[in-house]
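The next block holds one structure in the form of structure tokens; read it before the comments.
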Amino acid sequence: MQADHEANRPTARSKPLRTSWLLNINELLEVLEAEGRYPSSSDQDPQRRRLGYWLSVQRRAHRDGRLTQAKLSALDVLPAWNENQRAGLAQERWRERLGELQAFTHEHRRWPRFRNPTSEAERVLGVWLHAQRQKASRASMSDAEMRLLEGCAPGWYTWTPKSSR
């Protein structure tokens, strides 16, 4: 009898998407076309902050498997809507620092210092390079980052750990 009951259960009908939900997608497209990036939930502008928060809710719902197929299809008009924007920005900053390191070493023929630097730019690069060396010593740096650093700044990591006694 249970099998008959399950077989005769009414099928779930998908509800049409709300107009306000679709308008958010259109607004996000406009912001993306105008500025080249999605708004953030910490934006100063209240409208952009609202859109950024709405998008973060959609991303979370997608990760949790709570978005309907209709919503997923509608969101697919937004390029890379579900990518981790923060990680992308961090990777972009990392590559910028690598380029700055390469330019610094080419110009000054030495590594940037974070102690007693000659400028603020050198201090920033010195701190970044020191952090990369620490990541490498903890083996928390990706192989791709290691290869990029070695390719652009050969000899950047010459420190070897002390042998344990």
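Following the order of the structure tokens, first chain is A, next is B, and so on, with residues numbered from 1 inside each chain and ligands from 1 in the order they appear.
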
Open item on the list: Can you pull out the residues contacting Phe114 in chain A? Cut-off 9 Å, using only C-alpha atoms, and skip same-chain residues under 3 positions away; I want them as JSON, numbers by chain.
Closed with: {"A": [117, 122, 123, 124, 125, 126, 127, 128, 129, 130]}

Go ahead and write the selection's residues with all heavy atoms as a tab-separated table (two decimals), in the first residue's frame.
```tsv
chain	number	residue	atom	x	y	z
A	117	PRO	N	63.93	49.39	5.34
A	117	PRO	CA	63.78	49.58	3.89
A	117	PRO	C	64.07	51.02	3.50
A	117	PRO	O	64.06	51.92	4.35
A	117	PRO	CB	62.31	49.24	3.65
A	117	PRO	CG	61.64	49.63	4.93
A	117	PRO	CD	62.65	49.32	6.02
A	122	GLU	N	59.33	49.32	-0.89
A	122	GLU	CA	60.27	48.23	-0.59
A	122	GLU	C	59.82	47.46	0.64
A	122	GLU	O	59.91	46.24	0.68
A	122	GLU	CB	61.68	48.76	-0.38
A	122	GLU	CG	62.67	47.65	-0.08
A	122	GLU	CD	64.08	48.13	0.20
A	122	GLU	OE1	64.32	49.35	0.24
A	122	GLU	OE2	64.95	47.25	0.40
A	123	ARG	N	59.34	48.16	1.65
A	123	ARG	CA	58.87	47.48	2.86
A	123	ARG	C	57.73	46.53	2.54
A	123	ARG	O	57.71	45.39	2.99
A	123	ARG	CB	58.43	48.50	3.92
A	123	ARG	CG	58.06	47.83	5.25
A	123	ARG	CD	57.31	48.76	6.17
A	123	ARG	NE	55.98	49.10	5.65
A	123	ARG	CZ	54.93	48.28	5.69
A	123	ARG	NH1	55.03	47.08	6.20
A	123	ARG	NH2	53.78	48.66	5.21
A	124	VAL	N	56.77	47.00	1.74
A	124	VAL	CA	55.62	46.16	1.37
A	124	VAL	C	56.09	44.92	0.63
A	124	VAL	O	55.66	43.80	0.93
A	124	VAL	CB	54.61	46.98	0.52
A	124	VAL	CG1	53.58	46.08	-0.13
A	124	VAL	CG2	53.94	48.04	1.38
A	125	LEU	N	57.00	45.09	-0.31
A	125	LEU	CA	57.53	43.95	-1.06
A	125	LEU	C	58.34	43.03	-0.16
A	125	LEU	O	58.28	41.81	-0.28
A	125	LEU	CB	58.41	44.43	-2.21
A	125	LEU	CG	57.71	44.75	-3.50
A	125	LEU	CD1	58.72	45.28	-4.52
A	125	LEU	CD2	57.00	43.55	-4.05
A	126	GLY	N	59.11	43.62	0.75
A	126	GLY	CA	59.91	42.82	1.67
A	126	GLY	C	59.03	41.97	2.58
A	126	GLY	O	59.33	40.79	2.83
A	127	VAL	N	57.96	42.54	3.08
A	127	VAL	CA	57.02	41.79	3.92
A	127	VAL	C	56.37	40.68	3.10
A	127	VAL	O	56.23	39.55	3.57
A	127	VAL	CB	55.96	42.74	4.53
A	127	VAL	CG1	54.81	41.97	5.15
A	127	VAL	CG2	56.60	43.66	5.56
A	128	TRP	N	55.97	40.99	1.87
A	128	TRP	CA	55.34	39.98	1.01
A	128	TRP	C	56.30	38.83	0.74
A	128	TRP	O	55.95	37.66	0.85
A	128	TRP	CB	54.88	40.63	-0.30
A	128	TRP	CG	54.24	39.66	-1.23
A	128	TRP	CD1	52.93	39.23	-1.19
A	128	TRP	CD2	54.85	38.97	-2.32
A	128	TRP	NE1	52.72	38.33	-2.21
A	128	TRP	CE2	53.87	38.14	-2.91
A	128	TRP	CE3	56.14	38.98	-2.86
A	128	TRP	CZ2	54.13	37.34	-4.01
A	128	TRP	CZ3	56.40	38.18	-3.96
A	128	TRP	CH2	55.40	37.37	-4.52
A	129	LEU	N	57.57	39.16	0.40
A	129	LEU	CA	58.55	38.13	0.11
A	129	LEU	C	58.83	37.29	1.35
A	129	LEU	O	58.93	36.06	1.28
A	129	LEU	CB	59.84	38.75	-0.42
A	129	LEU	CG	60.95	37.78	-0.81
A	129	LEU	CD1	60.48	36.81	-1.89
A	129	LEU	CD2	62.18	38.55	-1.28
A	130	HIS	N	58.92	37.93	2.50
A	130	HIS	CA	59.14	37.21	3.75
A	130	HIS	C	57.98	36.24	4.01
A	130	HIS	O	58.20	35.09	4.40
A	130	HIS	CB	59.28	38.20	4.91
A	130	HIS	CG	59.52	37.58	6.23
A	130	HIS	ND1	60.71	36.96	6.55
A	130	HIS	CD2	58.73	37.47	7.32
A	130	HIS	CE1	60.63	36.49	7.78
A	130	HIS	NE2	59.44	36.79	8.27
```

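Residue neighbourhood of range 63-78 of chain A, excluding near-sequence residues (fewer than 2 positions): A:Ser14, A:Lys15, A:Pro16, A:Leu17, A:Leu22, A:Ile25, A:Asn26, A:Leu28, A:Leu29, A:Leu32, A:Gln58, A:Arg59, A:Arg60, A:Ala61, A:Ala80, A:Trp81, A:Asn82, at 9 Å, using only C-alpha atoms.
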
- [ ] Apply DSSP to the structure's backbone, then extract all residues of chain A labelled alpha helix (DSSP H) and return them as a VMD selection string.
- [x] chain A and resid 2 to 7 19 to 35 46 to 63 69 to 75 85 to 108 120 to 137 143 to 152

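Take CA of Arg49 in chain A and CA of Arg97 in chain A: the distance between them is 28.8 Å.
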
- [ ] Using CA of Ala136 in chain A and CA of Asn116 in chain A as the two end points, give the distance in Å to one decimal.
- [x] 23.5 Å

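Coordinates place CA of Glu145 in chain A at a distance of 26.3 Å from CA of Pro79 in chain A.
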
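Shortest atom-to-atom contact with Pro112 in chain A among A:Ala139, A:Ala34, A:Ala90, A:Ala153: A:Ala153, counting only C-alpha atoms.
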
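Checking A:Ser119, A:Asp4, A:Trp54, A:Glu107 one by one against Ser20 in chain A, counting only C-alpha atoms, you find the shortest gap at A:Trp54.
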
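Minimum atom-to-atom distance to Thr105 in chain A, evaluated using only C-alpha atoms, belongs to A:Pro154 out of A:Pro154, A:His62, A:Arg93, A:Gln132.
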